[in-house]
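Visitor: Below is the structure I would like to discuss, written out as structure tokens.
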Amino acid sequence: MPSSTSDVNRDRQRFDYVLRLADSDLVLAQRLGEWVGHGPALEEDIALTNVGLDLIGQARLWFAYAGELEARFAGAGRSEDALAFLRDSGEFRNLLLVEQPNGNYADTMARQLYFDTWHRLLLAELTGSTDARIAEIAAKAGKEVTYHAERSASWVIRLGDGSDESHDKMQAAIDDLWMYTGELFVPDATELVLAQEGIACDASTLLPAWREAIGAILTEATLSVPDATWMQQGGKRGVHTEHLGHLLATMQWLQRAYPGAQW
Amino acid sequence: MERSEWPLWEVFIRSQHGLAHKHVGSLHAPDAEMAIKNARDVYTRRNEGVSIWVVPSSAITATAPGAKESLFEPANSKVYRHPTFFPMPDAVKHI
């Protein structure tokens with residue numbers, strides 16, 4: 001049976017949405033990978049790498065599904081590797097937050113806290129998606145992300161409520177990255193259409209629970225919640241900060257230099 | 001700046017329900033809660049456990065290596081303490 005125009009559009013939108021989830025996982029995993037061998041303690045090095053590996057596993061599931069969706073409207077779908085290694089920064093749909101540099105450990109943990117808390121809430125919603133594949137991947141990833149969120153909260157609380165120096169660094173990190181949290185809750189047309197059909201989640205609905213969770217953690221950490229209202233946006237449209245290009249150059253050079261190289 | 005090492009913790013993991021927790025190694029962590037999290041990441045990555053205990057290494061009292069002769073060697077010559085020395089009646093099964 002030939003598929004209708006609206007089916008094709010819906011698959012295209014679904015592809016775009018799934019790619020956003022994949023890209024944010026992949027880019028953050030690449031950032032966390034930069035800590036390998038540089039963690040503040042061996043145990044922390046292993047633990048943070050585990051989080052990165054979880055995210056790569058999740059990215060692979062999303063990329064595989066994105067490739068299948070692409071095949072439905074484009075005739076052929078790209079492989080996981082092609083999607084990860086052969087797109088330029090303008091084609092990446094990840095959140096600006098996750099491409100920000102690692103900085104010091106407080107910066108890394110602030111980025112992680114903001115992302116994990118949002119990710120946990122989002123995946124919980126997506127387990128109810130009318131798209132069975134999305135619901136299935138969200139359920140699997142949700143268990144991992146619940147742990148990620150606990151872990152990053154533990155660190156923010158310990159650094160915030162630690163020494164004077166760790167408190168100041170943690171507060172600075174929380175403040176610096178705040179402007180990248182706005183776009184986590186701004187749905188675009190694609191998201192709203194898919195949300196209406198129960199496929200995706202309208203990200204704006206996650207904001208109250210996110211603010212409540214972040215507020216409770218920062219209070220326990222003796223930190224103040226930033227009150228700045230100006231927010232950066234652009235990840236969903238492929239408009240990124242200057243950091244993404246450098247990250248992709250490091251991540252993609254091997255496949256670019258030796259196309260099709262296998263491990 | 002004051003710089004101090006995180007305390008050392010001994011990690012015990014129960015591999016399945018019904019078995020005892022078994023010592024698997026040690027690690028550093030700033031406090032008990034982080035020690036549990038680190039133990040989860042360092043020692044249960046390959047599906048090794050269903051429960052974790054962590055104990056501050058400083059809370060463990062150990063025998064001194066030098067006391068080996070007086071503590072353990074006397075038992076070497078008392079093989080009759082092994083239950084294999086007691087013949088079991090044929091009628092008793094599954095022992």
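Following the order of the structure tokens, first chain is A, next is B, and so on, with residues numbered from 1 inside each chain and ligands from 1 in the order they appear.
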Residues at most 9 Å from Asp41 of chain B, counting only C-alpha atoms, excluding those fewer than 4 positions away in the same chain, as a count of residues only?
Guide: 9
Visitor: Please produce, as a Markdown table, a per-residue contact table for chain B versus chain A (criterion: any atom at most 9 Å away, only C-alpha atoms considered), showing the nearest atom pair and its distance in Å to one decimal, sorted by chain then residue number.
Guide:
```
| residue | atom | partner | partner_atom | distance |
| --- | --- | --- | --- | --- |
| B:Leu27 | CA | A:Glu43 | CA | 7.1 |
| B:His28 | CA | A:Glu43 | CA | 7.0 |
| B:Ala29 | CA | A:Glu43 | CA | 7.8 |
| B:Glu33 | CA | A:Ser154 | CA | 8.6 |
| B:Met34 | CA | A:Ser154 | CA | 7.7 |
| B:Lys37 | CA | A:Arg151 | CA | 7.5 |
| B:Asn38 | CA | A:Glu43 | CA | 6.0 |
| B:Ala39 | CA | A:Glu43 | CA | 8.3 |
| B:Arg40 | CA | A:Ala47 | CA | 8.5 |
| B:Asp41 | CA | A:Ala47 | CA | 5.2 |
| B:Val42 | CA | A:Ile46 | CA | 6.5 |
| B:Arg45 | CA | A:Asn50 | CA | 8.3 |
```
Visitor: If you run DSSP on this backbone, which residues of chain B come out as alpha helix (DSSP H), and could you give them as a PyMOL selection string?
Guide: chain B and resi 32-43+68-72
Visitor: Go ahead and dump the residues you just picked, N, CA and C atoms, as a PDB file, in the first residue's frame.
Guide:
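Produced file again.pdb, reproduced below:
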```pdb
ATOM      1  N   ALA B  32      29.907   7.489  52.735  1.00  0.00           N
ATOM      2  CA  ALA B  32      29.311   6.163  52.534  1.00  0.00           C
ATOM      3  C   ALA B  32      28.425   6.115  51.289  1.00  0.00           C
ATOM      4  N   GLU B  33      27.632   7.169  51.090  1.00  0.00           N
ATOM      5  CA  GLU B  33      26.705   7.151  49.961  1.00  0.00           C
ATOM      6  C   GLU B  33      27.459   7.127  48.626  1.00  0.00           C
ATOM      7  N   MET B  34      28.519   7.929  48.547  1.00  0.00           N
ATOM      8  CA  MET B  34      29.311   7.922  47.315  1.00  0.00           C
ATOM      9  C   MET B  34      30.092   6.614  47.180  1.00  0.00           C
ATOM     10  N   ALA B  35      30.446   6.016  48.313  1.00  0.00           N
ATOM     11  CA  ALA B  35      31.152   4.728  48.253  1.00  0.00           C
ATOM     12  C   ALA B  35      30.254   3.667  47.623  1.00  0.00           C
ATOM     13  N   ILE B  36      28.960   3.687  47.983  1.00  0.00           N
ATOM     14  CA  ILE B  36      28.000   2.752  47.385  1.00  0.00           C
ATOM     15  C   ILE B  36      27.916   3.001  45.876  1.00  0.00           C
ATOM     16  N   LYS B  37      27.819   4.272  45.493  1.00  0.00           N
ATOM     17  CA  LYS B  37      27.698   4.601  44.067  1.00  0.00           C
ATOM     18  C   LYS B  37      28.964   4.172  43.310  1.00  0.00           C
ATOM     19  N   ASN B  38      30.129   4.491  43.891  1.00  0.00           N
ATOM     20  CA  ASN B  38      31.372   4.101  43.229  1.00  0.00           C
ATOM     21  C   ASN B  38      31.487   2.577  43.131  1.00  0.00           C
ATOM     22  N   ALA B  39      31.061   1.889  44.191  1.00  0.00           N
ATOM     23  CA  ALA B  39      31.124   0.426  44.178  1.00  0.00           C
ATOM     24  C   ALA B  39      30.238  -0.119  43.068  1.00  0.00           C
ATOM     25  N   ARG B  40      29.085   0.503  42.900  1.00  0.00           N
ATOM     26  CA  ARG B  40      28.172   0.095  41.829  1.00  0.00           C
ATOM     27  C   ARG B  40      28.874   0.235  40.481  1.00  0.00           C
ATOM     28  N   ASP B  41      29.584   1.344  40.294  1.00  0.00           N
ATOM     29  CA  ASP B  41      30.214   1.604  39.001  1.00  0.00           C
ATOM     30  C   ASP B  41      31.494   0.802  38.788  1.00  0.00           C
ATOM     31  N   VAL B  42      32.236   0.565  39.878  1.00  0.00           N
ATOM     32  CA  VAL B  42      33.514  -0.126  39.721  1.00  0.00           C
ATOM     33  C   VAL B  42      33.339  -1.644  39.727  1.00  0.00           C
ATOM     34  N   TYR B  43      32.428  -2.149  40.574  1.00  0.00           N
ATOM     35  CA  TYR B  43      32.376  -3.601  40.789  1.00  0.00           C
ATOM     36  C   TYR B  43      31.127  -4.313  40.268  1.00  0.00           C
ATOM     37  N   LYS B  68      50.472 -15.930  62.348  1.00  0.00           N
ATOM     38  CA  LYS B  68      50.012 -17.083  61.578  1.00  0.00           C
ATOM     39  C   LYS B  68      50.341 -18.412  62.279  1.00  0.00           C
ATOM     40  N   GLU B  69      51.563 -18.518  62.761  1.00  0.00           N
ATOM     41  CA  GLU B  69      51.990 -19.776  63.381  1.00  0.00           C
ATOM     42  C   GLU B  69      51.127 -20.157  64.564  1.00  0.00           C
ATOM     43  N   SER B  70      50.940 -19.195  65.474  1.00  0.00           N
ATOM     44  CA  SER B  70      50.190 -19.527  66.683  1.00  0.00           C
ATOM     45  C   SER B  70      48.696 -19.679  66.409  1.00  0.00           C
ATOM     46  N   LEU B  71      48.182 -18.925  65.447  1.00  0.00           N
ATOM     47  CA  LEU B  71      46.735 -18.966  65.211  1.00  0.00           C
ATOM     48  C   LEU B  71      46.300 -20.145  64.344  1.00  0.00           C
ATOM     49  N   PHE B  72      46.999 -20.378  63.244  1.00  0.00           N
ATOM     50  CA  PHE B  72      46.471 -21.300  62.246  1.00  0.00           C
ATOM     51  C   PHE B  72      47.205 -22.633  62.125  1.00  0.00           C
TER      52      PHE B  72
END
```
Visitor: Quick one: pull the distance between atom CA of Lys140 of chain A and atom CA of Arg20 of chain A, Å, one decimal.
Guide: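 Atom CA of Arg20 of chain A lies at a distance of 17.7 Å from atom CA of Lys140 of chain A.
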Visitor: Excluding segment 231-236 of chain A and its own-chain neighbours fewer than 2 positions away, which residues fall within 10 Å of it when counting only C-alpha atoms? Please give them as a CSV table (one decimal) with N, CA and C atoms, in the first residue's frame.
Guide:
```csv
chain,number,residue,atom,x,y,z
A,16,ASP,N,13.2,13.5,12.7
A,16,ASP,CA,13.9,14.7,13.2
A,16,ASP,C,13.9,14.7,14.7
A,17,TYR,N,12.8,14.3,15.3
A,17,TYR,CA,12.6,14.3,16.7
A,17,TYR,C,13.6,13.2,17.4
A,19,LEU,N,16.3,12.0,16.1
A,19,LEU,CA,17.6,12.5,15.9
A,19,LEU,C,18.1,13.5,17.0
A,20,ARG,N,17.2,14.3,17.5
A,20,ARG,CA,17.5,15.2,18.5
A,20,ARG,C,17.9,14.5,19.8
A,23,ASP,N,21.3,12.8,19.1
A,23,ASP,CA,22.5,13.8,19.1
A,23,ASP,C,22.8,14.3,20.5
A,24,SER,N,21.9,14.6,21.3
A,24,SER,CA,22.2,15.1,22.7
A,24,SER,C,22.9,14.0,23.4
A,89,SER,N,28.2,20.1,11.7
A,89,SER,CA,27.6,20.6,12.9
A,89,SER,C,26.2,21.2,12.6
A,90,GLY,N,26.0,21.8,11.4
A,90,GLY,CA,24.7,22.4,11.1
A,90,GLY,C,23.6,21.4,11.0
A,91,GLU,N,24.0,20.1,10.9
A,91,GLU,CA,23.0,19.0,10.8
A,91,GLU,C,22.7,18.4,12.1
A,92,PHE,N,23.5,18.7,13.1
A,92,PHE,CA,23.3,18.2,14.5
A,92,PHE,C,22.2,18.9,15.2
A,93,ARG,N,21.4,18.1,15.9
A,93,ARG,CA,20.2,18.7,16.6
A,93,ARG,C,20.2,18.6,18.1
A,94,ASN,N,21.4,18.5,18.6
A,94,ASN,CA,21.6,18.3,20.1
A,94,ASN,C,21.3,19.7,20.8
A,95,LEU,N,21.1,19.6,22.1
A,95,LEU,CA,20.9,20.7,22.9
A,95,LEU,C,22.3,21.5,23.0
A,96,LEU,N,22.2,22.8,23.1
A,96,LEU,CA,23.5,23.6,23.3
A,96,LEU,C,24.2,23.2,24.6
A,97,LEU,N,23.4,22.9,25.6
A,97,LEU,CA,23.9,22.6,26.9
A,97,LEU,C,25.0,21.5,26.8
A,98,VAL,N,24.7,20.4,26.1
A,98,VAL,CA,25.6,19.3,26.2
A,98,VAL,C,26.9,19.5,25.4
A,99,GLU,N,26.9,20.5,24.5
A,99,GLU,CA,28.2,20.7,23.7
A,99,GLU,C,29.1,21.6,24.5
A,177,LEU,N,26.0,28.1,33.2
A,177,LEU,CA,25.3,27.2,32.3
A,177,LEU,C,23.8,27.4,32.3
A,178,TRP,N,23.4,28.2,33.2
A,178,TRP,CA,21.9,28.5,33.3
A,178,TRP,C,21.3,28.9,32.0
A,179,MET,N,22.0,29.7,31.2
A,179,MET,CA,21.4,30.3,30.0
A,179,MET,C,21.2,29.2,28.9
A,180,TYR,N,21.8,28.0,29.1
A,180,TYR,CA,21.6,27.0,28.1
A,180,TYR,C,20.4,26.0,28.5
A,181,THR,N,19.7,26.3,29.6
A,181,THR,CA,18.7,25.5,30.1
A,181,THR,C,17.3,25.9,29.5
A,182,GLY,N,17.2,27.1,28.9
A,182,GLY,CA,15.9,27.6,28.4
A,182,GLY,C,15.4,26.7,27.3
A,183,GLU,N,16.3,26.3,26.4
A,183,GLU,CA,15.8,25.6,25.2
A,183,GLU,C,15.4,24.2,25.5
A,184,LEU,N,15.7,23.7,26.7
A,184,LEU,CA,15.2,22.3,27.1
A,184,LEU,C,13.7,22.3,27.1
A,186,VAL,N,11.5,24.6,25.3
A,186,VAL,CA,10.8,25.3,24.3
A,186,VAL,C,10.6,24.4,23.1
A,187,PRO,N,9.3,23.9,22.9
A,187,PRO,CA,9.0,23.0,21.8
A,187,PRO,C,8.9,23.8,20.5
A,188,ASP,N,9.3,23.1,19.4
A,188,ASP,CA,9.1,23.8,18.1
A,188,ASP,C,7.9,23.1,17.5
A,228,ALA,N,18.5,34.7,36.2
A,228,ALA,CA,18.7,35.3,34.9
A,228,ALA,C,17.6,34.7,34.0
A,229,THR,N,17.1,35.5,33.1
A,229,THR,CA,16.0,35.1,32.2
A,229,THR,C,16.4,35.0,30.8
A,238,GLY,N,19.9,23.4,14.5
A,238,GLY,CA,21.3,23.2,14.0
A,238,GLY,C,22.1,24.5,14.1
A,239,VAL,N,21.7,25.4,14.9
A,239,VAL,CA,22.5,26.6,15.2
A,239,VAL,C,23.2,26.4,16.5
A,240,HIS,N,24.5,26.2,16.4
A,240,HIS,CA,25.2,25.8,17.6
A,240,HIS,C,26.2,26.8,18.1
A,241,THR,N,26.8,26.6,19.3
A,241,THR,CA,27.9,27.4,19.8
A,241,THR,C,29.1,27.0,19.1
```
Visitor: Let me make sure I understand: among A:Ala153, A:Lys143, A:Arg72, A:Trp118, which one has the smallest atom-to-atom distance to Ser4 of chain A if we use only C-alpha atoms?
Guide: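 For Ser4 of chain A, the nearest of the given residues is A:Arg72.
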Visitor: What does the distance between atom CA of Phe63 of chain A and atom CA of Asp7 of chain A come to in Å, to one decimal place?
Guide: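 If I compute the distance from atom CA of Phe63 of chain A to atom CA of Asp7 of chain A, I get 20.1 Å.
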Visitor: Enter the distance from atom CA of Asn102 of chain A to atom CA of His38 of chain A, in Å, rounded to one decimal.
Guide: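 We find that atom CA of Asn102 of chain A and atom CA of His38 of chain A lie 11.2 Å from each other.
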Visitor: Using only C-alpha atoms, find the one residue out of B:Gly66, B:Ile13, B:Lys22, B:Ser4 that sits nearest to Glu48 of chain B.
Guide: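 Among the listed residues, B:Ile13 lies closest to Glu48 of chain B.
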